[in-house]
Amino acid sequence: MLTRVGAATRRALLLLPLAASAAAAQASLGGLTLRGTGAGFAIPIAGTVSSSIAISGYTTAIGPTAANQTVVVRLNNLSHSYGGDLSAAVQFQSAETGTTFAWQLFSRLGAGTFGTPRPFNGSYAFGEYDEPSNSFTADLEDEAQFGLSPAIASGDYFAFSAVGGQDYGSPFDIFGGLLPNGTWTLLINDAATPDGGLLGSWDLAFNVESAAVPEPSSIALIALGVVGLAAAHRRRAR
């Protein structure tokens with residue numbers, strides 16, 4: 001039977017390739033187009049703070065890409081000396097219906113009453129777990145508890161914790177099929193004293209489904225057909 005040290009070492013070794021690939025993928029936001037950047041803020045001691053992005057002008061709904069990504073959120077330059085104090089969530093208030101949809105990113109990471117003492121010190125993105133494309137397959141809960149680096153490692157994570165028994169759902173389950181117009185709000189809560197933290201900024205990316213566009217060759221054939229019909233009409237008119 002594995003001891004706690006043995007289990008921690010095994011998990012950490014498994015996490016190393018995921019962390020490396022996740023960090024390399026951060027610049028792309030899971031392959032999705034950046035739709036907005038929210039302002040950063042100071043995280044108050046034992047308080048909640050928020051930042052919003054207004055989205056408008058879209059006529060097509062949020063849907064998956066080939067890599068199954070619908071919505072990706074990245075927290076840029078997040079720092080806090082005690083990671084287990086923090087929780088983060090994204091809320092979307094639809095401009096069409098006024099309904100608010102909430103997606104929890106993480107909540108007081110780590111085992112025990114006070115969570116992990118490891119700090120946040122980097123950038124952390126959240127998206128749809130997709131094993132075939134190796135997208136967002138890292139578990140932030142596992143990293144917080146068993147990672148080897150001094151701080152919780154930057155990377156691309158899914159918002160689910162099998163270790164903590166917390167299932168926060170996927171962005172597809174929450175936002176899929178919705179028009180993205182409305183207000184997107186990031187909320188970060190610090191649950192305990194005595195330390196606060198900082199967030200540099202946050203990024204929002206999403207994919208909107210679009211109608212099929214004819215191939216150039218098809219467009220040319222359609223154009224020729226229209227010309228032909230016009231010529232035939234002129235001949236009949238004579």
# chains A, B, ... in the order shown; residues from 1 in each chain; ligands from 1
>>> residues_around(residues="region 66-75 of chain A", least_positions_apart="6", cutoff="6 Å", atoms="only C-alpha atoms", output="list in words")
Ser123, Tyr124, Ala125, Phe126, Gly127, Glu128, Pro171, Phe172, Trp202, Asp203, Leu204, Ala205, Phe206 and Asn207 of chain A
>>> write_last_selection(atoms="all heavy atoms", output="short mmCIF file (atom, residue, chain, number, x, y, z; two decimals), in the first residue's frame")
data_model
loop_
_atom_site.label_atom_id
_atom_site.label_comp_id
_atom_site.auth_asym_id
_atom_site.auth_seq_id
_atom_site.Cartn_x
_atom_site.Cartn_y
_atom_site.Cartn_z
N SER A 123 -0.37 32.31 -13.71
CA SER A 123 -1.59 32.47 -14.51
C SER A 123 -2.27 31.11 -14.65
O SER A 123 -1.60 30.10 -14.90
CB SER A 123 -1.26 33.05 -15.88
OG SER A 123 -0.71 34.36 -15.75
N TYR A 124 -3.60 31.11 -14.52
CA TYR A 124 -4.34 29.86 -14.42
C TYR A 124 -5.57 29.95 -15.34
O TYR A 124 -6.40 30.84 -15.18
CB TYR A 124 -4.78 29.63 -12.97
CG TYR A 124 -3.62 29.69 -12.00
CD1 TYR A 124 -3.20 30.92 -11.47
CD2 TYR A 124 -2.89 28.56 -11.65
CE1 TYR A 124 -2.12 31.00 -10.61
CE2 TYR A 124 -1.81 28.62 -10.78
CZ TYR A 124 -1.43 29.85 -10.27
OH TYR A 124 -0.35 29.93 -9.42
N ALA A 125 -5.64 29.04 -16.31
CA ALA A 125 -6.74 29.03 -17.27
C ALA A 125 -7.65 27.83 -17.03
O ALA A 125 -7.20 26.77 -16.58
CB ALA A 125 -6.20 29.01 -18.70
N PHE A 126 -8.94 28.01 -17.34
CA PHE A 126 -9.93 26.97 -17.09
C PHE A 126 -10.78 26.77 -18.34
O PHE A 126 -11.25 27.73 -18.94
CB PHE A 126 -10.82 27.36 -15.91
CG PHE A 126 -10.05 27.55 -14.63
CD1 PHE A 126 -9.48 28.78 -14.33
CD2 PHE A 126 -9.83 26.49 -13.77
CE1 PHE A 126 -8.74 28.96 -13.17
CE2 PHE A 126 -9.09 26.66 -12.60
CZ PHE A 126 -8.54 27.89 -12.31
N GLY A 127 -10.97 25.51 -18.71
CA GLY A 127 -11.75 25.18 -19.90
C GLY A 127 -12.37 23.81 -19.79
O GLY A 127 -12.52 23.25 -18.70
N GLU A 128 -12.71 23.24 -20.94
CA GLU A 128 -13.38 21.95 -21.01
C GLU A 128 -12.37 20.81 -21.01
O GLU A 128 -11.46 20.78 -21.85
CB GLU A 128 -14.22 21.88 -22.29
CG GLU A 128 -14.89 20.55 -22.54
CD GLU A 128 -16.19 20.42 -21.76
OE1 GLU A 128 -16.62 21.41 -21.14
OE2 GLU A 128 -16.75 19.31 -21.76
N PRO A 171 -17.85 24.23 -18.92
CA PRO A 171 -18.44 25.41 -19.55
C PRO A 171 -19.46 25.05 -20.63
O PRO A 171 -20.42 25.80 -20.84
CB PRO A 171 -17.22 26.15 -20.12
CG PRO A 171 -16.13 25.14 -20.17
CD PRO A 171 -16.40 24.19 -19.04
N PHE A 172 -19.26 23.89 -21.29
CA PHE A 172 -20.25 23.50 -22.31
C PHE A 172 -21.60 23.23 -21.65
O PHE A 172 -22.65 23.65 -22.15
CB PHE A 172 -19.78 22.26 -23.06
CG PHE A 172 -20.82 21.75 -24.04
CD1 PHE A 172 -21.02 22.39 -25.24
CD2 PHE A 172 -21.61 20.66 -23.71
CE1 PHE A 172 -22.00 21.94 -26.13
CE2 PHE A 172 -22.59 20.20 -24.59
CZ PHE A 172 -22.78 20.84 -25.80
N TRP A 202 -7.88 39.48 -16.21
CA TRP A 202 -8.43 38.18 -16.59
C TRP A 202 -8.96 38.23 -18.01
O TRP A 202 -9.40 39.28 -18.49
CB TRP A 202 -9.51 37.72 -15.61
CG TRP A 202 -10.78 38.51 -15.60
CD1 TRP A 202 -10.98 39.75 -15.05
CD2 TRP A 202 -12.05 38.11 -16.14
NE1 TRP A 202 -12.28 40.14 -15.22
CE2 TRP A 202 -12.97 39.16 -15.87
CE3 TRP A 202 -12.50 36.97 -16.79
CZ2 TRP A 202 -14.31 39.08 -16.26
CZ3 TRP A 202 -13.84 36.89 -17.18
CH2 TRP A 202 -14.71 37.95 -16.91
N ASP A 203 -8.84 37.11 -18.70
CA ASP A 203 -9.22 37.01 -20.11
C ASP A 203 -10.43 36.11 -20.28
O ASP A 203 -10.56 35.08 -19.60
CB ASP A 203 -8.07 36.45 -20.94
CG ASP A 203 -6.87 37.38 -21.00
OD1 ASP A 203 -7.08 38.61 -20.98
OD2 ASP A 203 -5.73 36.90 -21.05
N LEU A 204 -11.28 36.48 -21.22
CA LEU A 204 -12.45 35.68 -21.58
C LEU A 204 -12.37 35.33 -23.06
O LEU A 204 -12.17 36.20 -23.91
CB LEU A 204 -13.73 36.48 -21.31
CG LEU A 204 -15.04 35.89 -21.84
CD1 LEU A 204 -15.40 34.60 -21.09
CD2 LEU A 204 -16.18 36.91 -21.72
N ALA A 205 -12.52 34.05 -23.36
CA ALA A 205 -12.57 33.58 -24.74
C ALA A 205 -13.75 32.63 -24.88
O ALA A 205 -14.06 31.88 -23.96
CB ALA A 205 -11.27 32.88 -25.13
N PHE A 206 -14.42 32.69 -26.02
CA PHE A 206 -15.49 31.72 -26.27
C PHE A 206 -15.60 31.48 -27.77
O PHE A 206 -15.12 32.26 -28.59
CB PHE A 206 -16.83 32.17 -25.67
CG PHE A 206 -17.29 33.55 -26.09
CD1 PHE A 206 -17.90 33.77 -27.31
CD2 PHE A 206 -17.11 34.64 -25.24
CE1 PHE A 206 -18.32 35.04 -27.68
CE2 PHE A 206 -17.53 35.91 -25.59
CZ PHE A 206 -18.14 36.10 -26.82
N ASN A 207 -16.23 30.36 -28.12
CA ASN A 207 -16.45 30.00 -29.51
C ASN A 207 -17.92 30.15 -29.84
O ASN A 207 -18.78 29.71 -29.09
CB ASN A 207 -16.02 28.55 -29.76
CG ASN A 207 -16.22 28.14 -31.21
OD1 ASN A 207 -15.62 28.71 -32.10
ND2 ASN A 207 -17.08 27.15 -31.44
#
>>> select_by_dssp(residues="region 37-223 of chain A", states="strand (DSSP E or B)", output="number ranges by chain")
A: 37-43, 48-55, 62, 71-80, 86-94, 100-107, 120-127, 130, 135, 138-139, 152, 155-158, 160-161, 166-167, 182-190, 197-206, 208
>>> select_by_dssp(residues="region 33-172 of chain A", states="helix (DSSP H, G or I)", output="mmCIF file with N, CA and C atoms, in the first residue's frame")
data_model
loop_
_atom_site.group_PDB
_atom_site.id
_atom_site.type_symbol
_atom_site.label_atom_id
_atom_site.label_comp_id
_atom_site.auth_asym_id
_atom_site.auth_seq_id
_atom_site.Cartn_x
_atom_site.Cartn_y
_atom_site.Cartn_z
ATOM 1 N N GLY A 83 -2.918 29.825 -0.779
ATOM 2 C CA GLY A 83 -3.851 29.447 -1.834
ATOM 3 C C GLY A 83 -5.169 28.906 -1.336
ATOM 4 N N GLY A 84 -5.161 28.220 -0.186
ATOM 5 C CA GLY A 84 -6.376 27.630 0.338
ATOM 6 C C GLY A 84 -7.425 28.629 0.789
ATOM 7 N N ASP A 85 -7.082 29.919 0.820
ATOM 8 C CA ASP A 85 -8.055 30.941 1.211
ATOM 9 C C ASP A 85 -9.024 31.289 0.077
ATOM 10 N N LEU A 140 -6.541 21.048 -10.867
ATOM 11 C CA LEU A 140 -5.985 22.062 -9.973
ATOM 12 C C LEU A 140 -5.984 21.588 -8.525
ATOM 13 N N GLU A 141 -6.973 20.798 -8.142
ATOM 14 C CA GLU A 141 -7.016 20.259 -6.785
ATOM 15 C C GLU A 141 -5.816 19.343 -6.536
ATOM 16 N N ASP A 142 -5.525 18.456 -7.492
ATOM 17 C CA ASP A 142 -4.355 17.578 -7.358
ATOM 18 C C ASP A 142 -3.063 18.387 -7.303
ATOM 19 N N GLU A 143 -2.977 19.390 -8.182
ATOM 20 C CA GLU A 143 -1.765 20.219 -8.208
ATOM 21 C C GLU A 143 -1.585 20.945 -6.880
ATOM 22 N N ALA A 144 -2.679 21.455 -6.326
ATOM 23 C CA ALA A 144 -2.590 22.192 -5.059
ATOM 24 C C ALA A 144 -2.129 21.293 -3.924
ATOM 25 N N GLN A 145 -2.562 20.040 -3.936
ATOM 26 C CA GLN A 145 -2.225 19.145 -2.842
ATOM 27 C C GLN A 145 -0.886 18.431 -3.029
ATOM 28 N N PHE A 146 -0.552 18.083 -4.282
ATOM 29 C CA PHE A 146 0.570 17.183 -4.487
ATOM 30 C C PHE A 146 1.663 17.726 -5.410
ATOM 31 N N PRO A 171 -17.854 24.234 -18.918
ATOM 32 C CA PRO A 171 -18.438 25.413 -19.552
ATOM 33 C C PRO A 171 -19.462 25.052 -20.630
ATOM 34 N N PHE A 172 -19.265 23.893 -21.289
ATOM 35 C CA PHE A 172 -20.246 23.502 -22.307
ATOM 36 C C PHE A 172 -21.601 23.231 -21.652
#
>>> residues_around(residues="region 173-180 of chain A", least_positions_apart="2", cutoff="7 Å", atoms="only C-alpha atoms", output="PDB file with N, CA, C and O atoms, in the first residue's frame")
ATOM      1  N   ILE A  55     -20.275  42.019 -23.225  1.00  0.00           N
ATOM      2  CA  ILE A  55     -20.215  41.423 -24.562  1.00  0.00           C
ATOM      3  C   ILE A  55     -21.518  41.724 -25.295  1.00  0.00           C
ATOM      4  O   ILE A  55     -22.603  41.588 -24.713  1.00  0.00           O
ATOM      5  N   TYR A  58     -23.441  39.640 -30.878  1.00  0.00           N
ATOM      6  CA  TYR A  58     -23.389  38.291 -31.433  1.00  0.00           C
ATOM      7  C   TYR A  58     -24.795  37.778 -31.731  1.00  0.00           C
ATOM      8  O   TYR A  58     -25.734  37.997 -30.959  1.00  0.00           O
ATOM      9  N   THR A  59     -24.940  37.091 -32.879  1.00  0.00           N
ATOM     10  CA  THR A  59     -26.233  36.529 -33.284  1.00  0.00           C
ATOM     11  C   THR A  59     -26.204  35.010 -33.321  1.00  0.00           C
ATOM     12  O   THR A  59     -27.212  34.389 -33.661  1.00  0.00           O
ATOM     13  N   THR A  60     -25.066  34.409 -32.990  1.00  0.00           N
ATOM     14  CA  THR A  60     -24.964  32.955 -32.960  1.00  0.00           C
ATOM     15  C   THR A  60     -24.551  32.505 -31.568  1.00  0.00           C
ATOM     16  O   THR A  60     -23.897  33.233 -30.828  1.00  0.00           O
ATOM     17  N   ALA A  61     -24.931  31.280 -31.235  1.00  0.00           N
ATOM     18  CA  ALA A  61     -24.768  30.776 -29.876  1.00  0.00           C
ATOM     19  C   ALA A  61     -23.381  30.202 -29.633  1.00  0.00           C
ATOM     20  O   ALA A  61     -22.638  29.868 -30.561  1.00  0.00           O
ATOM     21  N   ILE A  62     -23.046  30.071 -28.358  1.00  0.00           N
ATOM     22  CA  ILE A  62     -21.791  29.436 -27.945  1.00  0.00           C
ATOM     23  C   ILE A  62     -21.864  27.943 -28.249  1.00  0.00           C
ATOM     24  O   ILE A  62     -22.857  27.276 -27.951  1.00  0.00           O
ATOM     25  N   GLY A  63     -20.818  27.422 -28.871  1.00  0.00           N
ATOM     26  CA  GLY A  63     -20.762  26.002 -29.201  1.00  0.00           C
ATOM     27  C   GLY A  63     -19.334  25.511 -29.209  1.00  0.00           C
ATOM     28  O   GLY A  63     -18.387  26.311 -29.178  1.00  0.00           O
ATOM     29  N   THR A  70     -15.611  25.516 -25.438  1.00  0.00           N
ATOM     30  CA  THR A  70     -16.689  26.484 -25.627  1.00  0.00           C
ATOM     31  C   THR A  70     -16.324  27.829 -25.004  1.00  0.00           C
ATOM     32  O   THR A  70     -16.396  28.861 -25.647  1.00  0.00           O
ATOM     33  N   PHE A 101     -26.046  32.734 -15.089  1.00  0.00           N
ATOM     34  CA  PHE A 101     -25.471  31.395 -15.086  1.00  0.00           C
ATOM     35  C   PHE A 101     -24.116  31.468 -14.392  1.00  0.00           C
ATOM     36  O   PHE A 101     -23.319  32.366 -14.677  1.00  0.00           O
ATOM     37  N   GLY A 169     -18.858  21.233 -12.901  1.00  0.00           N
ATOM     38  CA  GLY A 169     -19.410  21.222 -14.241  1.00  0.00           C
ATOM     39  C   GLY A 169     -18.414  21.697 -15.285  1.00  0.00           C
ATOM     40  O   GLY A 169     -17.274  22.035 -14.992  1.00  0.00           O
ATOM     41  N   SER A 170     -18.857  21.711 -16.517  1.00  0.00           N
ATOM     42  CA  SER A 170     -18.015  22.167 -17.619  1.00  0.00           C
ATOM     43  C   SER A 170     -18.647  23.398 -18.241  1.00  0.00           C
ATOM     44  O   SER A 170     -19.866  23.599 -18.135  1.00  0.00           O
ATOM     45  N   PRO A 171     -17.854  24.234 -18.918  1.00  0.00           N
ATOM     46  CA  PRO A 171     -18.438  25.413 -19.552  1.00  0.00           C
ATOM     47  C   PRO A 171     -19.462  25.052 -20.630  1.00  0.00           C
ATOM     48  O   PRO A 171     -20.415  25.799 -20.844  1.00  0.00           O
ATOM     49  N   GLY A 182     -24.124  39.906 -23.058  1.00  0.00           N
ATOM     50  CA  GLY A 182     -24.470  40.167 -21.667  1.00  0.00           C
ATOM     51  C   GLY A 182     -23.234  40.531 -20.868  1.00  0.00           C
ATOM     52  O   GLY A 182     -22.208  40.946 -21.424  1.00  0.00           O
TER      53      GLY A 182
END
>>> atom_distance(atom1="CA of Tyr157 (chain A)", atom2="CA of Val90 (chain A)")
14.8 Å
>>> atom_distance(atom1="CA of Thr65 (chain A)", atom2="CA of Ala159 (chain A)")
18.5 Å
>>> closest_atom_pairs(of="region 10-109 of chain A", to="region 183-186 of chain A", cutoff="10 Å", atoms="only C-alpha atoms", output="tab-separated table")
residue	atom	partner	partner_atom	distance
A:Gly36	CA	A:Trp184	CA	9.6
A:Gly38	CA	A:Leu186	CA	8.3
A:Ala39	CA	A:Leu186	CA	9.9
A:Val49	CA	A:Leu186	CA	8.4
A:Ser50	CA	A:Leu186	CA	5.4
A:Ser51	CA	A:Leu186	CA	5.4
A:Ser52	CA	A:Thr185	CA	4.2
A:Ile53	CA	A:Trp184	CA	5.1
A:Ala54	CA	A:Thr183	CA	4.6
A:Ile55	CA	A:Thr183	CA	6.2
A:Ser56	CA	A:Thr183	CA	8.8
A:Val73	CA	A:Leu186	CA	9.1
A:Leu75	CA	A:Leu186	CA	9.3
A:Ala88	CA	A:Leu186	CA	7.3
A:Ala89	CA	A:Leu186	CA	5.9
A:Val90	CA	A:Leu186	CA	4.6
A:Gln91	CA	A:Thr185	CA	5.1
A:Phe92	CA	A:Trp184	CA	4.5
A:Gln93	CA	A:Thr183	CA	5.2
A:Ser94	CA	A:Thr183	CA	6.8
A:Ala95	CA	A:Thr183	CA	7.4
A:Gly98	CA	A:Thr183	CA	9.8
A:Thr100	CA	A:Thr183	CA	9.2
A:Phe101	CA	A:Trp184	CA	9.5
A:Ala102	CA	A:Thr185	CA	9.4
A:Trp103	CA	A:Leu186	CA	9.7
A:Gln104	CA	A:Leu186	CA	9.9
A:Leu105	CA	A:Leu186	CA	9.8
>>> closest_residue(among="A:Thr113, A:Ser79, A:Ser107, A:Asn189", to="Gln166 (chain A)", atoms="only C-alpha atoms")
A:Ser107
